[in-house]
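Dropping model_34.cif in here (mmCIF, C-alpha atoms):
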```cif
data_model
#
loop_
_atom_site.label_atom_id
_atom_site.label_comp_id
_atom_site.auth_asym_id
_atom_site.auth_seq_id
_atom_site.Cartn_x
_atom_site.Cartn_y
_atom_site.Cartn_z
CA MET A 1 -28.47 56.64 -49.06
CA ALA A 2 -26.84 55.10 -46.04
CA LYS A 3 -27.16 56.74 -42.70
CA PRO A 4 -23.88 57.98 -41.28
CA LYS A 5 -22.66 55.79 -38.39
CA ILE A 6 -22.83 57.40 -35.02
CA ARG A 7 -19.96 56.63 -32.69
CA GLY A 8 -20.89 55.19 -29.33
CA ASP A 9 -24.28 54.00 -30.46
CA THR A 10 -26.24 52.99 -27.38
CA SER A 11 -28.24 50.39 -29.25
CA GLU A 12 -25.18 48.06 -29.39
CA ALA A 13 -26.14 44.55 -28.22
CA SER A 14 -24.71 43.80 -24.77
CA MET A 15 -22.50 40.69 -24.93
CA GLU A 16 -23.06 39.00 -21.59
CA ILE A 17 -21.46 35.60 -21.16
CA ASN A 18 -23.79 32.92 -19.92
CA MET A 19 -22.16 31.86 -16.67
CA THR A 20 -24.49 28.97 -15.88
CA PRO A 21 -22.54 26.06 -17.44
CA MET A 22 -19.30 27.32 -15.98
CA ILE A 23 -20.80 27.50 -12.52
CA ASP A 24 -22.22 23.99 -13.02
CA VAL A 25 -18.81 22.67 -13.82
CA ILE A 26 -17.18 24.49 -10.90
CA PHE A 27 -19.70 23.05 -8.48
CA GLN A 28 -19.00 19.59 -9.82
CA LEU A 29 -15.30 20.24 -9.29
CA ILE A 30 -15.85 21.45 -5.72
CA ILE A 31 -17.91 18.37 -4.87
CA PHE A 32 -15.28 16.12 -6.40
CA PHE A 33 -12.46 17.78 -4.45
CA MET A 34 -14.41 17.65 -1.21
CA CYS A 35 -14.87 13.92 -1.59
CA SER A 36 -11.32 13.11 -2.61
CA ILE A 37 -9.53 15.34 -0.10
CA HIS A 38 -11.57 13.98 2.77
CA PHE A 39 -10.44 10.49 1.78
CA LYS A 40 -6.77 11.40 1.57
CA SER A 41 -6.26 13.23 4.87
CA LEU A 42 -7.66 10.32 6.85
CA GLU A 43 -4.82 7.93 6.11
CA GLY A 44 -2.08 7.58 8.67
CA LYS A 45 0.55 5.07 9.53
CA LEU A 46 2.06 3.16 12.39
CA TYR A 47 5.82 2.82 12.35
CA SER A 48 6.68 -0.80 12.85
CA TYR A 49 10.32 -1.01 11.93
CA LEU A 50 11.75 -4.48 12.00
CA PRO A 51 14.76 -5.00 14.26
CA LYS A 52 17.87 -4.46 12.15
CA ASP A 53 20.09 -6.67 14.24
CA LYS A 54 18.02 -9.82 14.27
CA GLY A 55 15.68 -11.75 12.11
CA MET A 56 16.93 -10.28 8.89
CA ALA A 57 17.59 -13.72 7.52
CA GLU A 58 15.94 -16.88 8.70
CA THR A 59 16.76 -17.47 12.31
CA THR A 60 15.31 -19.63 14.98
CA VAL A 61 14.98 -18.44 18.52
CA THR A 62 17.25 -20.58 20.63
CA ASP A 63 17.19 -18.50 23.77
CA PRO A 64 13.72 -17.18 24.44
CA GLU A 65 13.58 -14.23 26.79
CA LEU A 66 11.58 -15.37 29.75
CA ASP A 67 10.58 -12.00 31.15
CA GLU A 68 8.98 -10.77 27.95
CA VAL A 69 5.40 -9.59 27.96
CA ARG A 70 3.54 -11.60 25.39
CA ILE A 71 0.18 -10.40 24.18
CA LEU A 72 -1.59 -13.33 22.61
CA LEU A 73 -4.36 -12.86 20.11
CA ILE A 74 -6.19 -16.11 19.62
CA TYR A 75 -8.78 -16.77 17.00
CA ASP A 76 -12.12 -17.50 18.62
CA LYS A 77 -15.20 -17.77 16.45
CA ASN A 78 -17.58 -16.78 19.21
CA LYS A 79 -15.91 -13.54 20.25
CA LEU A 80 -17.60 -11.01 18.06
CA PRO A 81 -16.99 -8.71 16.27
CA LEU A 82 -13.24 -9.32 15.89
CA GLN A 83 -13.34 -13.05 16.73
CA THR A 84 -10.31 -12.61 18.91
CA MET A 85 -9.47 -13.72 22.42
CA ILE A 86 -6.85 -11.57 24.16
CA LYS A 87 -4.39 -13.06 26.61
CA ILE A 88 -1.33 -11.83 28.43
CA GLY A 89 0.70 -14.91 29.14
CA LEU A 90 -1.90 -17.33 30.42
CA ARG A 91 -4.42 -14.82 31.69
CA GLU A 92 -7.42 -14.01 29.57
CA ILE A 93 -8.24 -10.33 29.12
CA LYS A 94 -11.82 -9.23 28.70
CA ASP A 95 -11.51 -6.44 26.15
CA TRP A 96 -9.25 -3.71 24.80
CA ASN A 97 -9.86 -1.36 27.73
CA ALA A 98 -8.93 -4.12 30.15
CA LEU A 99 -5.81 -4.78 28.10
CA SER A 100 -4.92 -1.10 28.34
CA ASP A 101 -5.32 -1.13 32.15
CA GLU A 102 -3.36 -4.35 32.45
CA LEU A 103 -0.49 -3.08 30.31
CA LYS A 104 -0.41 0.20 32.23
CA THR A 105 -0.02 -1.69 35.52
CA ILE A 106 2.71 -3.95 34.17
CA TYR A 107 4.56 -1.11 32.48
CA THR A 108 4.54 1.25 35.47
CA GLN A 109 5.72 -1.59 37.71
CA GLN A 110 8.60 -2.37 35.38
CA LYS A 111 9.49 1.29 35.06
CA SER A 112 9.52 1.94 38.80
CA SER A 113 11.69 -1.15 39.41
CA GLY A 114 14.40 0.52 37.35
CA ALA A 115 15.32 -2.63 35.46
CA LYS A 116 15.53 -2.87 31.69
CA ILE A 117 12.10 -2.91 30.11
CA PRO A 118 11.58 -6.38 28.63
CA PRO A 119 10.27 -6.69 25.08
CA TYR A 120 6.56 -6.57 24.42
CA LYS A 121 5.50 -9.06 21.82
CA ILE A 122 2.29 -9.40 19.92
CA ASP A 123 1.73 -13.04 19.09
CA SER A 124 -1.23 -13.38 16.82
CA ASP A 125 -2.98 -16.30 15.19
CA PHE A 126 -2.97 -16.18 11.42
CA LYS A 127 -6.74 -16.04 11.30
CA VAL A 128 -7.03 -13.01 13.57
CA PRO A 129 -8.01 -9.87 11.62
CA VAL A 130 -5.55 -7.03 11.13
CA GLN A 131 -7.81 -4.71 13.12
CA ALA A 132 -7.24 -6.78 16.29
CA VAL A 133 -3.47 -6.64 15.83
CA ILE A 134 -3.62 -2.90 15.23
CA ASN A 135 -5.78 -2.52 18.34
CA ALA A 136 -3.13 -4.32 20.40
CA LEU A 137 -0.38 -2.18 18.88
CA ASN A 138 -2.44 0.94 19.43
CA THR A 139 -2.99 0.04 23.08
CA CYS A 140 0.77 -0.45 23.59
CA LYS A 141 1.55 2.91 21.98
CA LYS A 142 -1.04 4.69 24.11
CA VAL A 143 0.42 3.21 27.27
CA GLY A 144 3.82 4.51 26.17
CA ILE A 145 5.56 1.27 25.31
CA ALA A 146 8.08 2.24 22.66
CA THR A 147 9.21 -1.09 21.30
CA VAL A 148 6.70 -3.69 20.33
CA GLU A 149 7.65 -6.73 18.34
CA PHE A 150 5.64 -9.13 16.30
CA ALA A 151 6.26 -12.73 17.16
CA ALA A 152 6.86 -14.38 13.83
CA LYS A 153 6.14 -17.84 12.67
CA SER A 154 6.88 -19.12 9.23
CA THR A 155 3.99 -18.79 6.83
CA ASP A 156 5.44 -21.39 4.47
CA LYS A 157 2.84 -24.01 5.25
CA THR A 158 -0.09 -21.72 4.56
CA LYS A 159 -1.41 -21.05 1.12
CA MET B 1 -32.79 42.16 -37.51
CA THR B 2 -31.11 39.35 -35.53
CA GLU B 3 -27.56 39.62 -34.26
CA ASN B 4 -25.59 36.40 -33.99
CA VAL B 5 -24.13 36.31 -30.46
CA GLY B 6 -21.55 33.49 -30.52
CA PHE B 7 -21.35 31.60 -27.23
CA ASN B 8 -17.84 31.79 -25.80
CA MET B 9 -16.78 28.23 -25.11
CA THR B 10 -13.18 28.97 -24.13
CA PRO B 11 -13.50 29.07 -20.32
CA MET B 12 -15.59 25.95 -20.25
CA ILE B 13 -13.12 24.04 -22.41
CA ASP B 14 -10.31 25.29 -20.16
CA ILE B 15 -12.01 23.86 -17.13
CA VAL B 16 -12.93 20.61 -18.81
CA PHE B 17 -9.29 20.12 -19.81
CA GLN B 18 -8.19 20.82 -16.25
CA LEU B 19 -10.66 18.22 -15.04
CA ILE B 20 -9.47 15.64 -17.53
CA VAL B 21 -5.84 16.19 -16.55
CA PHE B 22 -6.70 15.98 -12.86
CA LEU B 23 -8.75 12.82 -13.27
CA MET B 24 -6.01 11.22 -15.35
CA LEU B 25 -3.49 11.87 -12.59
CA ALA B 26 -5.87 10.78 -9.85
CA THR B 27 -6.81 7.49 -11.54
CA ASP B 28 -3.16 6.80 -12.25
CA ILE B 29 -2.37 7.10 -8.55
CA ALA B 30 -5.36 4.96 -7.68
CA GLN B 31 -4.33 2.18 -10.02
CA SER B 32 -0.65 2.20 -9.27
CA ASP B 33 -0.53 2.26 -5.50
CA MET B 34 -3.83 2.17 -3.74
CA ALA B 35 -6.07 -0.82 -3.82
CA VAL B 36 -9.50 -0.46 -2.26
CA VAL B 37 -9.11 -1.34 1.40
CA TYR B 38 -10.79 -0.41 4.65
CA LEU B 39 -7.80 0.56 6.74
CA PRO B 40 -7.81 -0.46 10.40
CA MET B 41 -8.63 2.22 12.96
CA SER B 42 -5.89 3.40 15.26
CA SER B 43 -5.99 6.52 17.39
CA ALA B 44 -2.21 6.41 17.90
CA CYS B 45 -1.27 6.46 14.24
CA ALA B 46 0.93 9.24 12.90
CA GLU B 47 -0.10 11.39 9.98
CA ASP B 48 1.49 10.26 6.76
CA LYS B 49 3.39 13.50 6.16
CA GLU B 50 5.92 13.75 3.34
CA PRO B 51 6.09 10.08 2.48
CA ASP B 52 9.32 8.82 0.93
CA PRO B 53 8.82 8.95 -2.86
CA ASP B 54 10.60 5.60 -3.15
CA ARG B 55 8.29 3.93 -0.70
CA LEU B 56 6.77 0.70 -1.87
CA MET B 57 3.13 0.00 -1.05
CA VAL B 58 1.98 -3.52 -0.45
CA ASN B 59 -1.78 -3.82 -0.30
CA VAL B 60 -3.75 -6.61 1.25
CA SER B 61 -7.14 -6.32 -0.32
CA HIS B 62 -10.27 -8.34 -0.68
CA ILE B 63 -11.39 -9.25 -4.19
CA GLN B 64 -14.25 -7.30 -5.62
CA ALA B 65 -15.68 -8.80 -8.73
CA ASN B 66 -17.42 -5.66 -9.93
CA GLY B 67 -15.65 -3.05 -7.88
CA TYR B 68 -18.16 -3.34 -5.07
CA ALA B 69 -17.48 -4.69 -1.64
CA ASP B 70 -20.79 -6.47 -1.30
CA GLU B 71 -19.88 -9.44 -3.45
CA CYS B 72 -18.68 -11.61 -0.58
CA PRO B 73 -21.26 -12.16 2.18
CA ASP B 74 -18.51 -12.69 4.77
CA TRP B 75 -16.75 -9.39 4.20
CA LYS B 76 -18.90 -6.75 5.78
CA PHE B 77 -18.21 -3.29 7.06
CA GLU B 78 -20.62 -0.82 8.52
CA ASN B 79 -19.60 2.71 9.50
CA GLY B 80 -15.97 1.67 9.36
CA GLU B 81 -16.48 -1.23 11.75
CA ILE B 82 -16.05 -4.87 10.93
CA LYS B 83 -19.25 -6.85 11.07
CA LYS B 84 -18.10 -10.10 9.49
CA LEU B 85 -14.76 -11.65 8.68
CA CYS B 86 -13.82 -13.36 5.46
CA LEU B 87 -11.35 -16.19 5.97
CA ASN B 88 -11.47 -17.55 2.46
CA PRO B 89 -7.84 -17.63 1.23
CA ASP B 90 -9.03 -17.27 -2.36
CA HIS B 91 -10.57 -13.90 -1.55
CA TRP B 92 -7.45 -12.09 -0.38
CA ARG B 93 -4.79 -10.57 -2.57
CA LEU B 94 -1.29 -9.25 -1.98
CA MET B 95 -0.98 -6.39 -4.42
CA VAL B 96 1.81 -4.03 -5.44
CA LYS B 97 0.98 -1.33 -7.99
CA GLY B 98 -2.21 -3.06 -9.02
CA LYS B 99 -0.56 -6.45 -9.61
CA THR B 100 -1.20 -9.55 -7.54
CA TYR B 101 1.69 -11.57 -6.16
CA ASP B 102 2.14 -14.64 -4.01
CA LYS B 103 4.70 -14.73 -1.21
CA LYS B 104 7.62 -15.94 -3.31
CA GLU B 105 6.98 -13.38 -6.02
CA LEU B 106 6.55 -10.63 -3.45
CA GLU B 107 9.90 -11.53 -1.97
CA ALA B 108 11.47 -11.14 -5.43
CA VAL B 109 9.78 -7.76 -5.89
CA LEU B 110 10.93 -6.57 -2.46
CA THR B 111 14.47 -7.83 -2.99
CA LYS B 112 14.64 -5.92 -6.27
CA ALA B 113 13.31 -2.78 -4.61
CA ALA B 114 15.65 -3.19 -1.65
CA ALA B 115 18.68 -3.36 -3.93
CA LEU B 116 18.09 0.23 -5.07
CA ASP B 117 19.01 1.61 -1.66
CA GLN B 118 21.39 -0.82 -0.06
CA PRO B 119 24.46 1.18 0.97
CA GLY B 120 26.27 -1.87 2.36
CA GLY B 121 25.84 -3.97 -0.75
CA PRO B 122 23.67 -7.05 -1.20
CA LYS B 123 22.53 -8.97 1.90
CA THR B 124 22.77 -5.89 4.14
CA ALA B 125 20.02 -3.68 5.52
CA SER B 126 18.18 -1.66 2.90
CA ASN B 127 16.81 1.81 3.59
CA ARG B 128 13.82 1.38 1.34
CA PRO B 129 10.57 1.91 3.25
CA VAL B 130 7.62 -0.36 2.70
CA MET B 131 4.08 0.49 3.67
CA ILE B 132 1.62 -2.26 4.36
CA ARG B 133 -1.90 -1.19 3.50
CA ALA B 134 -3.90 -4.04 4.86
CA ASP B 135 -7.62 -4.30 5.08
CA ALA B 136 -8.87 -4.22 8.68
CA GLY B 137 -10.62 -7.52 8.12
CA ALA B 138 -7.70 -9.29 6.48
CA PRO B 139 -6.29 -12.25 8.40
CA PHE B 140 -2.98 -11.47 10.14
CA GLU B 141 -1.39 -14.21 8.06
CA TYR B 142 -0.98 -11.79 5.16
CA ILE B 143 0.87 -9.23 7.27
CA ALA B 144 3.07 -12.05 8.55
CA LYS B 145 3.78 -13.02 4.95
CA ILE B 146 4.78 -9.46 4.03
CA LEU B 147 6.93 -9.11 7.16
CA GLU B 148 8.61 -12.39 6.36
CA ALA B 149 9.26 -11.38 2.75
CA ALA B 150 10.56 -7.98 3.92
CA GLY B 151 12.85 -9.60 6.47
CA ARG B 152 14.26 -11.95 3.87
CA SER B 153 14.89 -9.11 1.45
CA PHE B 154 16.61 -7.04 4.17
CA ILE B 155 13.97 -4.34 4.35
CA TRP B 156 13.38 -3.11 7.86
CA LYS B 157 11.54 0.21 7.49
CA ILE B 158 7.98 -1.04 7.69
CA GLU B 159 4.95 1.19 8.09
CA ILE B 160 1.46 -0.10 8.63
CA GLY B 161 -1.35 1.94 7.13
CA ALA B 162 -4.08 2.92 9.54
CA THR B 163 -6.73 5.55 9.84
CA LYS B 164 -7.75 7.74 12.74
CA PRO B 165 -11.21 7.09 14.06
CA PRO B 166 -13.40 10.10 13.39
CA GLY B 167 -13.40 12.60 16.24
CA SER B 168 -10.16 11.51 17.90
CA GLU B 169 -7.70 14.33 18.39
CA ASP B 170 -4.71 12.80 20.14
#
```
Structure translated into structure tokens:
Amino acid sequence: MAKPKIRGDTSEASMEINMTPMIDVIFQLIIFFMCSIHFKSLEGKLYSYLPKDKGMAETTVTDPELDEVRILLIYDKNKLPLQTMIKIGLREIKDWNALSDELKTIYTQQKSSGAKIPPYKIDSDFKVPVQAVINALNTCKKVGIATVEFAAKSTDKTK
Amino acid sequence: MTENVGFNMTPMIDIVFQLIVFLMLATDIAQSDMAVVYLPMSSACAEDKEPDPDRLMVNVSHIQANGYADECPDWKFENGEIKKLCLNPDHWRLMVKGKTYDKKELEAVLTKAAALDQPGGPKTASNRPVMIRADAGAPFEYIAKILEAAGRSFIWKIEIGATKPPGSED
């Protein structure tokens, strides 16, 4: 004879979900997100819009502006780590801090004279690494020079 | 008397599916736009907020035979700083959406992209932005090539990818 069932029997097995694998997976997820988000937020950009009014098609400079400030980046094997020699016009500049000081002096002089600010041009050798060019651009931006141009040569002869 | 307590797999499967979907999306982005590059450091760079969805990315990246950067002895970075420069022209690639192009081909790609947003018709300025993601150690020649191709295809909105050095706040 079967025993009558009692409602609300306390001997009912407790059904606890094993949380361990879920927590494992969530930790994996957290680690993954931490890595990927760190990577993403670091990227920035430098606006370097090309002049709309010139150089859109192939043009040759027939009338070079004489009062421009030309920052030359010359490939030099012995100048580590960037293998780059910096020059403004004909003068050699020791390093990026010196370039910053030099540009500050030139820029404040030009500003106080009240004349139109001449263009600043970065003229880089093809072998110079991008980091050196960005350093030059960065220095100009920090000094407050708004328009910087890249002096362009045709790359047709290179591979 | 043993009671069969079935293990509830549902939440775990939910999460695993979420992961798979996320990874699929993430790898898609990685393959389509972003090649592996060490971006140059610049403390003056602006944050890349709300990028134009139509923006084209041109990568200048170093070849990596097995996905690792250590293959070429001349291409060396340590703590984000360049230690050695690789000047081998066979080691550098101009890439758009995971595909490699030479200068002529890149010009064709850019001209095609430019045509999609050229309010003044062909041979007038295009509003399509282009971002150059160049490796910090890449020779400037490759940027010059991209600028030249962009100029010829009437693209003028150029952005150069950079990264803020850690700890700089201005």
Query raised in the report: chain B residues within 6 Å of chain A, counting all atoms listed in the file: which ones, as a list of chain:residue names?
Result: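 The contacting residues on chain B are B:Met12, B:Pro40, B:Ser42, B:Ala44, B:Cys45, B:Ala46, B:Glu47, B:Asp48, B:Lys83, B:Ala136, B:Gly137, B:Ala138, B:Pro139, B:Phe140, B:Glu141, B:Gly151, B:Arg152, B:Phe154, B:Trp156, B:Lys157, B:Ile158, B:Glu159, B:Ile160, B:Gly161, B:Ala162, B:Thr163.
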Requested in this report: Please provide as a PyMOL selection string all residues within 10 Å of Trp92 (chain B), with the sequence filter that same-chain residues fewer than 3 positions apart are discarded (counting only C-alpha atoms).
Outcome: chain B and resi 60-64+86-89+95+100+135+138-139+142
**Report entry** Two-atom distance - CA of Ser112 (chain A), CA of Glu92 (chain A) (Å)
**Finding:** 25.0 Å
Could the centre and edge lengths of an axis-aligned box, enclosing all atoms of region 132-139 of chain B in the file with 5 Å extra on each side, be given in Å to one decimal as JSON?
```
{"center_x": -4.5, "center_y": -6.7, "center_z": 6.1, "size_x": 22.2, "size_y": 21.1, "size_z": 15.2}
```
Query raised in the report: Quick one, how far is CA of Ala146 (chain A) from CA of Leu147 (chain B)?
Result: 19.2 Å
Query - Explicit residue set for the PyMOL selection byres ((chain A and resi 107) around 10), as a ChimeraX atom specification - result: /A:69,101-106,108-113,117-118,120,140,143-145
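Going from CA of Val37 (chain B) to CA of Leu99 (chain A) covers 27.1 Å.
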**Report entry** All residues 9 Å or closer to region 109-112 of chain B, only C-alpha atoms, same chain fewer than 3 positions away omitted, as number ranges by chain
**Finding:** B: 56, 96, 101, 104-106, 115-116, 130, 149-150, 152-155
Query raised in the report: Using all atoms listed in the file, which of the listed residues (A:Ala115, A:Phe32, A:Gly89, A:Thr84) sits closest to Phe22 (chain B)?
Result: A:Phe32
